[in-house]
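Report on the following structure.
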Amino acid sequence: MDREPRPVTKSAEPQNPAEAGDHGPDNGEDPAPNTPRPRPRPKPRPRPRLASRPTYAGMAADPRMPVWIGRAVVAAVVGAAVSFWIGWRLGVTVAALVAIADIIFRSRTSPTIPASVRVTSAQRRSRRRLARLRANGYITLNTRAIPNTKEVIDHLVVGPAGVFALDSERWDRRLPVRALQGSQLYHGPFSQRDRLEHARWEAAQASRLLGQAVKRRIDVHPTMVIYGPKIPWSVVSLYGVDVFSGSTLRKYFRQQAKARRAAPLDAGLIRAIQEAADRVLPPVTG
């Protein structure tokens, strides 16, 4: 007896919940630009790329390797001594406590993190894109420290279109990015208002310091580029910060130059701002 074939069903494709719009209330007030901001949450770490096998050369080149080796040696020696005199269970516990104590001590006493560790993949990608703007008269000053703070401006860009404090972010591409009512930015369910406030605060500090150095008003525009998830807009201003995809970085500066065609910064002022930045915003070194 012949059987009727079973119908084949197709699973519905997941829809992208990310929508850019102007919905939802904005209860935040606009604070003064020079008001100190609390340090934001750490940036989401980029997803590691899968490698077939870690190489010894890559591990040896990591500047944190000597610290890890020293910590492991000290913990092993102390743990072995306690295990010999008292017992192996207590020895393992003491070795773990020694390692934890060393981590806490170094985190509080180390003055700086080596530049090779600090620079993120997003910053490296922005550096490469910004370097291509030199032919258009732009100068990029990377990883510039704000005096008397622990904060660093990822990229200070000076050119015909003006002065920009650029923050490079790499977010999880699996989570959507949404913009709501002109000042709200979400990565998945997580609000990024603190990141916007911090970018604006950094630009305000750079504006104040550069203005004092060159004896004239210098407007520094806060900007944020995002790598990873798809950005459902070209450029959007959120809380006074221009937010856009890192893939459109060069396009953004071309558009800014066209918008300021009537009064671009001349080469002499660009050079003066660069020299002032070298004095008041020192480069971060390891």
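Residue numbers start at 1 in each chain; chains themselves are named A, B, ... in the order of the structure tokens; ligands are numbered from 1 in the order shown.
Using only C-alpha atoms, the contacts of Ala272 in chain A at a cut-off of 12 Å, with sequence neighbours closer than 3 positions omitted, comprise Ile139, Val158, Gly159, Leu210, Gly211, Ala213, Val214, Lys215, Arg216, Ile218, Leu265, Asp266, Ala267, Gly268, Leu269, Glu275, Ala276, Ala277, Asp278 and Arg279 of chain A.
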Contacts of range 165-172 of chain A at 6 Å or less, counting only C-alpha atoms, minus same-chain residues fewer than 4 places along, as a short mmCIF file (atom, residue, chain, number, x, y, z; two decimals) with C-alpha atoms, in the first residue's frame?
data_model
loop_
_atom_site.label_atom_id
_atom_site.label_comp_id
_atom_site.auth_asym_id
_atom_site.auth_seq_id
_atom_site.Cartn_x
_atom_site.Cartn_y
_atom_site.Cartn_z
CA PRO A 44 33.42 44.26 25.53
CA ALA A 122 39.19 48.16 16.91
CA GLN A 123 41.86 50.80 17.50
CA ASP A 154 41.86 56.57 21.25
CA HIS A 155 42.43 58.89 18.27
CA LEU A 156 42.66 62.68 18.02
CA ALA A 203 36.18 65.57 23.71
CA PRO A 222 33.10 63.51 19.93
CA THR A 223 32.73 60.54 17.61
CA MET A 224 32.38 56.78 18.06
CA VAL A 225 33.02 54.05 15.50
CA ILE A 226 31.68 50.54 16.08
CA TYR A 227 33.07 47.30 14.66
CA GLY A 228 31.33 43.93 14.77
#
_Near-range 251-255 of chain A list (10 Å; only C-alpha atoms; drop same-chain fewer than 2 positions) as a count of residues only_ = 24
Would you please extract all alpha helix (DSSP H) residues from range 100-247 of chain A, as assigned by DSSP on the backbone, and give them as a PDB file with C-alpha atoms, in the first residue's frame?
ATOM      1  CA  ILE A 100      45.396  35.588  43.708  1.00  0.00           C
ATOM      2  CA  ALA A 101      47.298  37.908  46.058  1.00  0.00           C
ATOM      3  CA  ASP A 102      49.902  38.574  43.359  1.00  0.00           C
ATOM      4  CA  ILE A 103      47.185  39.439  40.827  1.00  0.00           C
ATOM      5  CA  ILE A 104      45.573  41.928  43.239  1.00  0.00           C
ATOM      6  CA  PHE A 105      48.911  43.473  44.184  1.00  0.00           C
ATOM      7  CA  ARG A 106      50.017  44.003  40.598  1.00  0.00           C
ATOM      8  CA  SER A 107      46.646  45.451  39.560  1.00  0.00           C
ATOM      9  CA  ARG A 108      46.999  48.130  42.245  1.00  0.00           C
ATOM     10  CA  THR A 109      50.678  48.940  41.857  1.00  0.00           C
ATOM     11  CA  ALA A 115      50.875  49.654  24.794  1.00  0.00           C
ATOM     12  CA  SER A 116      50.970  46.353  22.919  1.00  0.00           C
ATOM     13  CA  VAL A 117      48.395  44.980  25.378  1.00  0.00           C
ATOM     14  CA  ARG A 118      46.276  48.113  25.624  1.00  0.00           C
ATOM     15  CA  SER A 121      41.728  45.372  17.476  1.00  0.00           C
ATOM     16  CA  ALA A 122      39.190  48.158  16.908  1.00  0.00           C
ATOM     17  CA  GLN A 123      41.860  50.805  17.495  1.00  0.00           C
ATOM     18  CA  ARG A 124      44.241  49.075  15.105  1.00  0.00           C
ATOM     19  CA  ARG A 125      41.588  48.993  12.384  1.00  0.00           C
ATOM     20  CA  SER A 126      40.800  52.668  12.884  1.00  0.00           C
ATOM     21  CA  ARG A 127      44.493  53.536  12.739  1.00  0.00           C
ATOM     22  CA  ARG A 128      44.828  51.891   9.350  1.00  0.00           C
ATOM     23  CA  ARG A 129      41.791  53.700   7.975  1.00  0.00           C
ATOM     24  CA  LEU A 130      42.817  57.061   9.406  1.00  0.00           C
ATOM     25  CA  ALA A 131      46.336  56.726   7.988  1.00  0.00           C
ATOM     26  CA  ARG A 193      24.719  55.763  27.596  1.00  0.00           C
ATOM     27  CA  ASP A 194      27.849  55.670  29.745  1.00  0.00           C
ATOM     28  CA  ARG A 195      29.988  55.149  26.627  1.00  0.00           C
ATOM     29  CA  LEU A 196      28.362  58.187  24.993  1.00  0.00           C
ATOM     30  CA  GLU A 197      28.885  60.303  28.105  1.00  0.00           C
ATOM     31  CA  HIS A 198      32.489  59.247  28.338  1.00  0.00           C
ATOM     32  CA  ALA A 199      33.188  60.018  24.666  1.00  0.00           C
ATOM     33  CA  ARG A 200      31.650  63.451  25.123  1.00  0.00           C
ATOM     34  CA  TRP A 201      33.654  64.068  28.291  1.00  0.00           C
ATOM     35  CA  GLU A 202      36.923  63.151  26.554  1.00  0.00           C
ATOM     36  CA  ALA A 203      36.177  65.571  23.708  1.00  0.00           C
ATOM     37  CA  ALA A 204      35.387  68.334  26.209  1.00  0.00           C
ATOM     38  CA  GLN A 205      38.701  67.810  28.006  1.00  0.00           C
ATOM     39  CA  ALA A 206      40.616  67.893  24.724  1.00  0.00           C
ATOM     40  CA  SER A 207      38.762  71.058  23.680  1.00  0.00           C
ATOM     41  CA  ARG A 208      39.650  72.799  26.945  1.00  0.00           C
ATOM     42  CA  LEU A 209      43.316  71.808  26.920  1.00  0.00           C
ATOM     43  CA  LEU A 210      43.888  72.611  23.241  1.00  0.00           C
ATOM     44  CA  GLY A 211      42.060  75.940  23.539  1.00  0.00           C
ATOM     45  CA  GLN A 212      44.272  76.983  26.433  1.00  0.00           C
ATOM     46  CA  ALA A 213      47.388  75.959  24.522  1.00  0.00           C
ATOM     47  CA  VAL A 214      46.654  77.821  21.261  1.00  0.00           C
TER      48      VAL A 214
END
